[in-house]
Amino acid sequence: MKRILFFIVLLATSISLFAQKDITKFMGIPIDGFKHEMIQKLKGKGFVSSASDKNILKGEFNGTQVDVHVVTNNNKVYRIMLCDAHQMDETSIKIRFNKLCQQFKNNSNYVSIDDYTIADDEDIAYELTVHDKRYEAVFYQKPLAIDSTEIAEKLKETVLSKYTQQELDNPTEEIQKDIYKMSLDYAIEIVLKKPVWFMISEFAGGYYITMFYDNEYNRANGEDL
């Protein structure tokens with residue numbers, strides 16, 4: 001038993017250890033709490049209320065004028081959505097999209113699993129209209145490391161619910177592989193809870209970027225159905 005628990009600690013240390021309360025942040029602000037509180041925090045970052053709707057904020061983000069929307073589920077903030085305030089043509093939106101991809105890729109606070117860059121010869125207008133193609137890119141904020149004992153305890157609970165003490169006292173190679181997979185699955189699950197993604201949106205022939213900072217812990221999962 002001690003052997004397998006030691007193995008769990010080693011695995012926990014080898015993969016990066018993450019706190020469950022480590023949630024997505026926007027400009028350093030955790031995406032959580034009540035909407036009115038979030039709006040006040042965003043105003044503290046320089047955003048101001050729109051003249052047409054006090055719940056929509058306006059301001060500059062990453063060198064671009066944007067409209068900011070705070071989205072909730074069960075009165076808890078789970079998303080910050082930003083929309084470019086001004087539309088642009090096809091060539092300009094392609095450049096903007098690819099520049100954002102490069103900026104996120106070069107930012108050490110993010111990880112991604114793909115290259116979302118749009119090819120120079122891509123006909124965005126045609127693909128959006130004829131093939132209904134979505135141009136989007138997904139990145140994930142890196143989790144914060146914590147004490148390895150925390151992740152070890154969580155993994156230990158899962159392992160003990162699946163295997164008997166006798167099996168853990170003398171674990172087979174198959175059991176060890178399964179425990180390693182549990183560790184990786186847990187790490188991946190934590191990473192996927194902190195997505196930041198953006199897409200090309202179109203309206204009346206013009207294009208703009210819509211960006212989302214999501215806290216997946218607060219997202220609706222059918223609990224109200």
# chains A, B, ... in the order shown; residues from 1 in each chain; ligands from 1

$ residues_around --residues "A:Pro195" --least-positions-apart "6" --cutoff "12 Å" --atoms "only C-alpha atoms" --output "PyMOL selection string"
chain A and resi 23-26+31+78-80+104+109-113+137-143+188-189+211-217+219

$ write_last_selection --atoms "N, CA and C atoms" --output "mmCIF file, in the first residue's frame"
data_model
loop_
_atom_site.group_PDB
_atom_site.id
_atom_site.type_symbol
_atom_site.label_atom_id
_atom_site.label_comp_id
_atom_site.auth_asym_id
_atom_site.auth_seq_id
_atom_site.Cartn_x
_atom_site.Cartn_y
_atom_site.Cartn_z
ATOM 1 N N ILE A 23 -8.977 29.458 -11.060
ATOM 2 C CA ILE A 23 -9.930 29.720 -12.136
ATOM 3 C C ILE A 23 -9.395 30.745 -13.118
ATOM 4 N N THR A 24 -10.046 30.827 -14.266
ATOM 5 C CA THR A 24 -9.671 31.759 -15.318
ATOM 6 C C THR A 24 -9.714 33.197 -14.810
ATOM 7 N N LYS A 25 -8.746 33.986 -15.256
ATOM 8 C CA LYS A 25 -8.708 35.397 -14.890
ATOM 9 C C LYS A 25 -8.725 36.271 -16.144
ATOM 10 N N PHE A 26 -9.330 37.434 -16.016
ATOM 11 C CA PHE A 26 -9.321 38.437 -17.071
ATOM 12 C C PHE A 26 -8.672 39.693 -16.516
ATOM 13 N N ILE A 31 -12.668 35.251 -12.739
ATOM 14 C CA ILE A 31 -14.006 35.273 -13.323
ATOM 15 C C ILE A 31 -14.935 34.481 -12.413
ATOM 16 N N TYR A 78 -19.564 33.485 -15.171
ATOM 17 C CA TYR A 78 -18.786 32.384 -15.738
ATOM 18 C C TYR A 78 -18.080 32.785 -17.036
ATOM 19 N N ARG A 79 -18.385 33.973 -17.558
ATOM 20 C CA ARG A 79 -17.771 34.380 -18.827
ATOM 21 C C ARG A 79 -17.624 35.885 -18.924
ATOM 22 N N ILE A 80 -16.491 36.315 -19.458
ATOM 23 C CA ILE A 80 -16.302 37.691 -19.905
ATOM 24 C C ILE A 80 -16.202 37.637 -21.421
ATOM 25 N N PHE A 104 -0.998 34.937 -28.307
ATOM 26 C CA PHE A 104 -1.298 33.913 -27.309
ATOM 27 C C PHE A 104 -0.230 32.823 -27.311
ATOM 28 N N ASN A 109 1.876 32.273 -20.326
ATOM 29 C CA ASN A 109 0.770 31.961 -19.416
ATOM 30 C C ASN A 109 -0.278 31.068 -20.062
ATOM 31 N N TYR A 110 -0.089 30.742 -21.362
ATOM 32 C CA TYR A 110 -1.093 29.968 -22.082
ATOM 33 C C TYR A 110 -0.497 28.737 -22.742
ATOM 34 N N VAL A 111 -1.362 27.747 -22.945
ATOM 35 C CA VAL A 111 -1.004 26.556 -23.710
ATOM 36 C C VAL A 111 -2.102 26.314 -24.739
ATOM 37 N N SER A 112 -1.763 25.600 -25.801
ATOM 38 C CA SER A 112 -2.738 25.272 -26.831
ATOM 39 C C SER A 112 -2.386 23.926 -27.445
ATOM 40 N N ILE A 113 -3.344 23.327 -28.121
ATOM 41 C CA ILE A 113 -3.121 22.010 -28.708
ATOM 42 C C ILE A 113 -3.111 22.054 -30.226
ATOM 43 N N ALA A 137 -10.063 30.045 -32.309
ATOM 44 C CA ALA A 137 -8.818 29.556 -31.707
ATOM 45 C C ALA A 137 -9.025 29.429 -30.212
ATOM 46 N N VAL A 138 -8.537 28.325 -29.647
ATOM 47 C CA VAL A 138 -8.730 28.046 -28.223
ATOM 48 C C VAL A 138 -7.382 27.903 -27.530
ATOM 49 N N PHE A 139 -7.221 28.660 -26.456
ATOM 50 C CA PHE A 139 -6.022 28.575 -25.625
ATOM 51 C C PHE A 139 -6.470 28.349 -24.182
ATOM 52 N N TYR A 140 -5.522 27.928 -23.345
ATOM 53 C CA TYR A 140 -5.857 27.648 -21.949
ATOM 54 C C TYR A 140 -4.840 28.309 -21.023
ATOM 55 N N GLN A 141 -5.348 29.009 -20.039
ATOM 56 C CA GLN A 141 -4.455 29.604 -19.055
ATOM 57 C C GLN A 141 -3.817 28.492 -18.230
ATOM 58 N N LYS A 142 -2.515 28.579 -18.051
ATOM 59 C CA LYS A 142 -1.816 27.551 -17.291
ATOM 60 C C LYS A 142 -2.253 27.591 -15.829
ATOM 61 N N PRO A 143 -2.511 26.433 -15.245
ATOM 62 C CA PRO A 143 -2.887 26.378 -13.821
ATOM 63 C C PRO A 143 -1.716 26.784 -12.939
ATOM 64 N N ILE A 188 -5.312 17.155 -17.148
ATOM 65 C CA ILE A 188 -5.959 17.690 -18.348
ATOM 66 C C ILE A 188 -7.293 18.332 -17.997
ATOM 67 N N GLU A 189 -8.044 17.688 -17.113
ATOM 68 C CA GLU A 189 -9.345 18.230 -16.697
ATOM 69 C C GLU A 189 -9.198 19.623 -16.090
ATOM 70 N N MET A 211 -14.180 37.571 -28.292
ATOM 71 C CA MET A 211 -13.264 36.833 -27.423
ATOM 72 C C MET A 211 -13.973 36.443 -26.128
ATOM 73 N N PHE A 212 -13.654 35.259 -25.623
ATOM 74 C CA PHE A 212 -14.310 34.734 -24.439
ATOM 75 C C PHE A 212 -13.283 34.275 -23.403
ATOM 76 N N TYR A 213 -13.443 34.740 -22.184
ATOM 77 C CA TYR A 213 -12.681 34.238 -21.037
ATOM 78 C C TYR A 213 -13.671 33.473 -20.175
ATOM 79 N N ASP A 214 -13.536 32.143 -20.118
ATOM 80 C CA ASP A 214 -14.541 31.312 -19.463
ATOM 81 C C ASP A 214 -14.028 30.647 -18.183
ATOM 82 N N ASN A 215 -14.886 30.620 -17.171
ATOM 83 C CA ASN A 215 -14.645 29.844 -15.957
ATOM 84 C C ASN A 215 -15.573 28.634 -16.025
ATOM 85 N N GLU A 216 -15.032 27.478 -16.424
ATOM 86 C CA GLU A 216 -15.858 26.298 -16.648
ATOM 87 C C GLU A 216 -16.468 25.744 -15.356
ATOM 88 N N TYR A 217 -15.917 26.124 -14.220
ATOM 89 C CA TYR A 217 -16.490 25.666 -12.949
ATOM 90 C C TYR A 217 -17.888 26.253 -12.735
ATOM 91 N N ARG A 219 -19.978 27.201 -15.277
ATOM 92 C CA ARG A 219 -20.850 27.010 -16.430
ATOM 93 C C ARG A 219 -21.999 26.055 -16.079
#

$ select_by_dssp --residues "stretch 17-71 of chain A" --states "alpha helix (DSSP H)" --output "ChimeraX atom specification"
/A:35-43

$ select_by_dssp --residues "chain A" --states "strand (DSSP E or B)" --output "ChimeraX atom specification"
/A:18,25-26,29-30,48-49,56-61,64-73,76-84,88,110-111,136-141,145,195-203,206-214

$ atom_distance --atom1 "atom CA of A:Lys133" --atom2 "atom CA of A:His86"
22.0 Å

$ closest_residue --among "A:Val66, A:Leu168, A:Cys101, A:Val130" --to "A:Val196" --atoms "only C-alpha atoms"
A:Cys101

$ closest_residue --among "A:Gly33, A:Gln103, A:Glu136, A:Glu90" --to "A:Asp123" --atoms "only C-alpha atoms"
A:Glu90

$ residues_around --residues "A:Ile95" --least-positions-apart "4" --cutoff "10 Å" --atoms "only C-alpha atoms" --output "list in words"
Glu90, Thr91, Lys99, Leu100, Cys101, Thr117, Ile118 and Asp120 of chain A

$ residues_around --residues "A:Thr129" --least-positions-apart "3" --cutoff "12 Å" --atoms "only C-alpha atoms" --output "list in words"
Asp123, Ile124, Ala125, Tyr126, Asp132, Lys133, Arg134, Ser201, Glu202, Phe203 and Gly205 of chain A

$ write_last_selection --atoms "N, CA and C atoms" --output "PDB file, in the first residue's frame"
ATOM      1  N   ASP A 123     -10.084  32.201 -48.423  1.00  0.00           N
ATOM      2  CA  ASP A 123     -11.192  33.104 -48.743  1.00  0.00           C
ATOM      3  C   ASP A 123     -12.202  33.034 -47.601  1.00  0.00           C
ATOM      4  N   ILE A 124     -12.041  33.916 -46.630  1.00  0.00           N
ATOM      5  CA  ILE A 124     -12.877  33.881 -45.433  1.00  0.00           C
ATOM      6  C   ILE A 124     -14.354  34.082 -45.752  1.00  0.00           C
ATOM      7  N   ALA A 125     -14.644  35.058 -46.590  1.00  0.00           N
ATOM      8  CA  ALA A 125     -16.035  35.359 -46.931  1.00  0.00           C
ATOM      9  C   ALA A 125     -16.726  34.146 -47.555  1.00  0.00           C
ATOM     10  N   TYR A 126     -16.032  33.475 -48.462  1.00  0.00           N
ATOM     11  CA  TYR A 126     -16.596  32.299 -49.135  1.00  0.00           C
ATOM     12  C   TYR A 126     -16.820  31.159 -48.147  1.00  0.00           C
ATOM     13  N   ASP A 132     -20.191  27.587 -44.114  1.00  0.00           N
ATOM     14  CA  ASP A 132     -20.539  27.867 -42.716  1.00  0.00           C
ATOM     15  C   ASP A 132     -19.373  27.533 -41.773  1.00  0.00           C
ATOM     16  N   LYS A 133     -18.170  27.838 -42.203  1.00  0.00           N
ATOM     17  CA  LYS A 133     -16.965  27.522 -41.428  1.00  0.00           C
ATOM     18  C   LYS A 133     -16.804  28.481 -40.256  1.00  0.00           C
ATOM     19  N   ARG A 134     -16.337  27.952 -39.128  1.00  0.00           N
ATOM     20  CA  ARG A 134     -16.063  28.775 -37.950  1.00  0.00           C
ATOM     21  C   ARG A 134     -14.552  28.984 -37.833  1.00  0.00           C
ATOM     22  N   SER A 201     -16.389  36.970 -36.128  1.00  0.00           N
ATOM     23  CA  SER A 201     -17.832  37.148 -36.260  1.00  0.00           C
ATOM     24  C   SER A 201     -18.109  38.078 -37.434  1.00  0.00           C
ATOM     25  N   GLU A 202     -19.291  37.928 -38.011  1.00  0.00           N
ATOM     26  CA  GLU A 202     -19.648  38.732 -39.187  1.00  0.00           C
ATOM     27  C   GLU A 202     -21.012  39.370 -38.997  1.00  0.00           C
ATOM     28  N   PHE A 203     -21.126  40.612 -39.447  1.00  0.00           N
ATOM     29  CA  PHE A 203     -22.417  41.296 -39.398  1.00  0.00           C
ATOM     30  C   PHE A 203     -22.491  42.300 -40.546  1.00  0.00           C
ATOM     31  N   GLY A 205     -21.803  42.223 -43.611  1.00  0.00           N
ATOM     32  CA  GLY A 205     -20.651  42.337 -44.498  1.00  0.00           C
ATOM     33  C   GLY A 205     -19.360  42.773 -43.835  1.00  0.00           C
TER      34      GLY A 205
END

$ atom_distance --atom1 "atom CA of A:Thr210" --atom2 "atom CA of A:Trp197"
8.6 Å
